[in-house]
Amino acid sequence: MVRKNIFLPGLLLFCFFLNLLIFQAGCWDRREPDFLGVVTAAAFDFEPQTGRLQVIAQVANSLGIGTGESGGGNGGGGGGKNLFWVVEAGGQTIYEALKNIERVSSRKLLWSHLEVVLFSEEMAREGLLPILDYIDRERQARLIARPFVVQGDVRQLLETEFPLEQLGGPALIRQLLTIRMETAFVPEVESLRRLFSRLAKPGMELILPCIAVQAEKDEKGGPESGKDTRDKTGEPNPAKLSGGALFRGDKLVGFFNEKETAGYLWLTNNIRRLTMVFNPPGEKDRHLTVEVFGAAVKLTPEVQGEQVRVHLTVHTKGRLQDFTGQKLPLAGDFKNSLNRRMATVIQNQIGLAWQKAREMNLDVFGIGHTLYQTKPQDWKRLERKWANIFPEVELEVEVQATIKSFGLVADPINIHRTPSW
Amino acid sequence: MFQEKIANRQLFNVFFIMRTTIVISTLPVLTIGRARQDAWLAAVVAFFLGVVFIWLLGRLALNFPEQSIIQYSEALLGKWLGKLFSLFYLGAFLLMGFTDLRTYGEVLRTVFLPETPLAVILGSMVVLAVAVVYAGLEPLGRMGDLIFPVFTLATLFTLFFPVLEADFSNLRPVLYHGWQPVLHAALTPTVITAQYANLTILIPSVNQPQKALRAALYSLLWSSLILVLAAVVVVSLLGADEGAHAAFPVFKMIRAIRVSEFLERVEVFPIFAWGLGLFITLAINLYSLAKGLSQLCRLQNYRPLLLPLAVITSTLALQGYSDSFELRLFFQPQVIAPFIFFILLFPVAILWIAYFFKRKKGPGFPKEKGRGR
């Protein structure tokens, strides 16, 4: 069945390739990556006096990275270019501020590789909504970026150099991941996606990881002045990640310290690793360290009228990491005693966090959300009165901690002491 | 006249791709209405309602396996009334063609190509679709065969990566606000089942018309499974509210995950799938439109109509919606549901009634092949 007239398709095809010949030689409005400034970290600050939003961006410098030169963070160093550049601009809205940055930048800034979003304390107290809405709407930004609340000078944090890293943004992420894997100092809300999802959940308040700026500022003229020749190997890491920033709605209202954060992580079943130190039974002046690995937490709320009781069971396993006694007793009662001590430490941590949240009347643990998920009928009834009910919620904690192993040796090293003569 | 034939398998592929593309890209079960975490339930409900819809369209068509809806509506309603009703269908094909095209254009414009003129994005897609429809229905069916595995794999990848990070507790509580929002949210995806109206044009071209309805229903089943999966994954990853606000939730979700440090930015998969899927969708709608119009005007060949119709489609895609606000508004059930009801369900109901009346007159009627009376 031949019915094809191939003239028209042929002509179309020819025209198509003719086009390619002309246009594929190059892009007429190309934007090479080398001509873009890649923003790896951005901080948002708020000036209460003027009501202006301040955006500070850390732009990776391709010239600096190429040479492997480890120049300082600010000011023009003597030799090569710096690894990154910190630029700042303000505006009434977030987008205006971002556009104002481009006035003082020689390159168009590329925001799609933004990895860290920092909120200054003032910004967080004012409310995160303007920034979050922009990030949610904008096509370049990605929700995989990680949010932090910064205590201290944000600009300084972005300007200083991390001892082991080239760029501040990725450095902070590595630090966060390390901490999350190794210990329990920061809450688990570690991406904008979780932040957004959490803000919309009923009966659950927001908590964000916190950064404290550590770099000491020199008296005059910033870190580059004067004693520049000082050995850099001893510099402290400029950021310390610890604790959680507590929000009511999108506004910062307080902080959890490290112990309280650990308690929070216990309560919300987010413990991965945690180090705890306590005395072995009967020996006040000695210490032993136990590392928690793995925990199973079950939180069951019970509702009676307007009374809410929360029953928390924690099953956890630990590992003996150091012990400085004479001999490690293998008997059951010693083991049980250690287990009980460990359980007590955990209970105390939980208690601390609970106490604080209760005083602030801030349901960061999502007790209300658990009710919403497991007992929706009760939540419907209690939701309006939750602010009155939450401080009255009774918490029962039951901890079962077991120390499973003692490591590669049983008894500590037996130091042979020659009898003195 | 030579009748091109496609296999039932190809029919299945084409409808599966068509349904999945449009339903996944905007995820109406979640973005429309207040079903929130019950979006997957809305998808299930939409499946059952969709079955009814397709059955209404398809069962009637099976009574006239040799004819398209344009031809048998003339047989049922008389020449002029039949032609009038056929215009409703042609209008529906045109509408679906340009709306789907515009949706695709909005995805690309919002996310990737903010400065490219919409005309270029839409135009290039229309040129492709015209090329394949010009070649005929059989090449179109074979394109469906070719695209189907790629499309399915890309869609499954899109939904598989996020599962690693998903928090399925977001799906609870079930039915917190009762059934009402769920039914509300199920309306739009049900109405989008109108795409299966293409079945009424394609059935005469299928190898075994009696099995065409089954193929269509299976395609609805599988694409509904994908829809349920998509709703579950988006809600458990983004949270119900964030997903519901998004213009293109699946896309938002895929951008919000980090599979590992080396594998992030996996959004090529949905975009790839949508491009291919939209190509098939647009081509089928264009084919139905051109074929139907040629039958309406008693033309031997539909090909001369193709270019003018393509121009009309792309013009309407550009001008039919002035901005993304209007497009989102159009998919609201209170807008789209009466609309589709009027141009599709209402004519089908009339045809069914006419069919029952005619059958009472003579038992041999369904086998009859007369055109017009």
# chains A, B, ... in the order shown; residues from 1 in each chain; ligands from 1
$ closest_atom_pairs --of "range 90-182 of chain B" --to "range 263-272 of chain B" --cutoff "12 Å" --atoms "only C-alpha atoms" --output "CSV"
residue,atom,partner,partner_atom,distance
B:Tyr104,CA,B:Ile271,CA,9.5
B:Gly105,CA,B:Ile271,CA,11.5
B:Val107,CA,B:Ile271,CA,8.8
B:Leu108,CA,B:Ile271,CA,8.5
B:Val111,CA,B:Ile271,CA,10.2
B:Phe112,CA,B:Ile271,CA,10.0
B:Ile147,CA,B:Phe272,CA,10.7
B:Val150,CA,B:Phe272,CA,8.9
B:Phe151,CA,B:Phe272,CA,7.8
B:Thr152,CA,B:Phe269,CA,10.2
B:Leu153,CA,B:Phe269,CA,8.7
B:Ala154,CA,B:Phe269,CA,5.0
B:Thr155,CA,B:Pro270,CA,6.1
B:Leu156,CA,B:Phe269,CA,9.0
B:Phe157,CA,B:Phe269,CA,7.0
B:Thr158,CA,B:Phe269,CA,6.0
B:Leu159,CA,B:Pro270,CA,9.1
B:Phe160,CA,B:Phe269,CA,11.0
B:Phe161,CA,B:Val266,CA,8.5
B:Pro162,CA,B:Val266,CA,10.1
$ interface_residues --of "chain A" --to "chain B" --cutoff "10 Å" --atoms "only C-alpha atoms" --output "number ranges by chain"
A: 1, 4, 9, 12, 136-145, 191-201, 369-377, 379-380
$ closest_residue --among "A:Pro202, A:Pro163, A:Pro391, A:Gly407" --to "Leu362 in chain A" --atoms "only C-alpha atoms"
A:Pro391
$ closest_residue --among "A:Ala97, A:Val290, A:Ala43, A:Val117" --to "Pro209 in chain A" --atoms "only C-alpha atoms"
A:Val117
$ select_by_dssp --residues "range 33-84 of chain B" --states "alpha helix (DSSP H)" --output "VMD selection string"
chain B and resid 39 to 62 69 to 77 79 to 84
$ residues_around --residues "Gln92 in chain A" --least-positions-apart "3" --cutoff "7 Å" --atoms "only C-alpha atoms" --output "ChimeraX atom specification"
/A:52-53,96
$ write_last_selection --atoms "C-alpha atoms" --output "compact mmCIF listing (two decimals), in the first residue's frame"
# COMPACT_ATOMS: atom_id res chain seq x y z
CA ARG A 52 15.33 45.69 56.07
CA LEU A 53 16.30 42.20 55.07
CA GLU A 96 14.83 42.74 46.12
$ select_by_dssp --residues "range 127-339 of chain A" --states "strand (DSSP E)" --output "ChimeraX atom specification"
/A:146-151,207-213,239-248,251-256,273-278,288-304,307-323
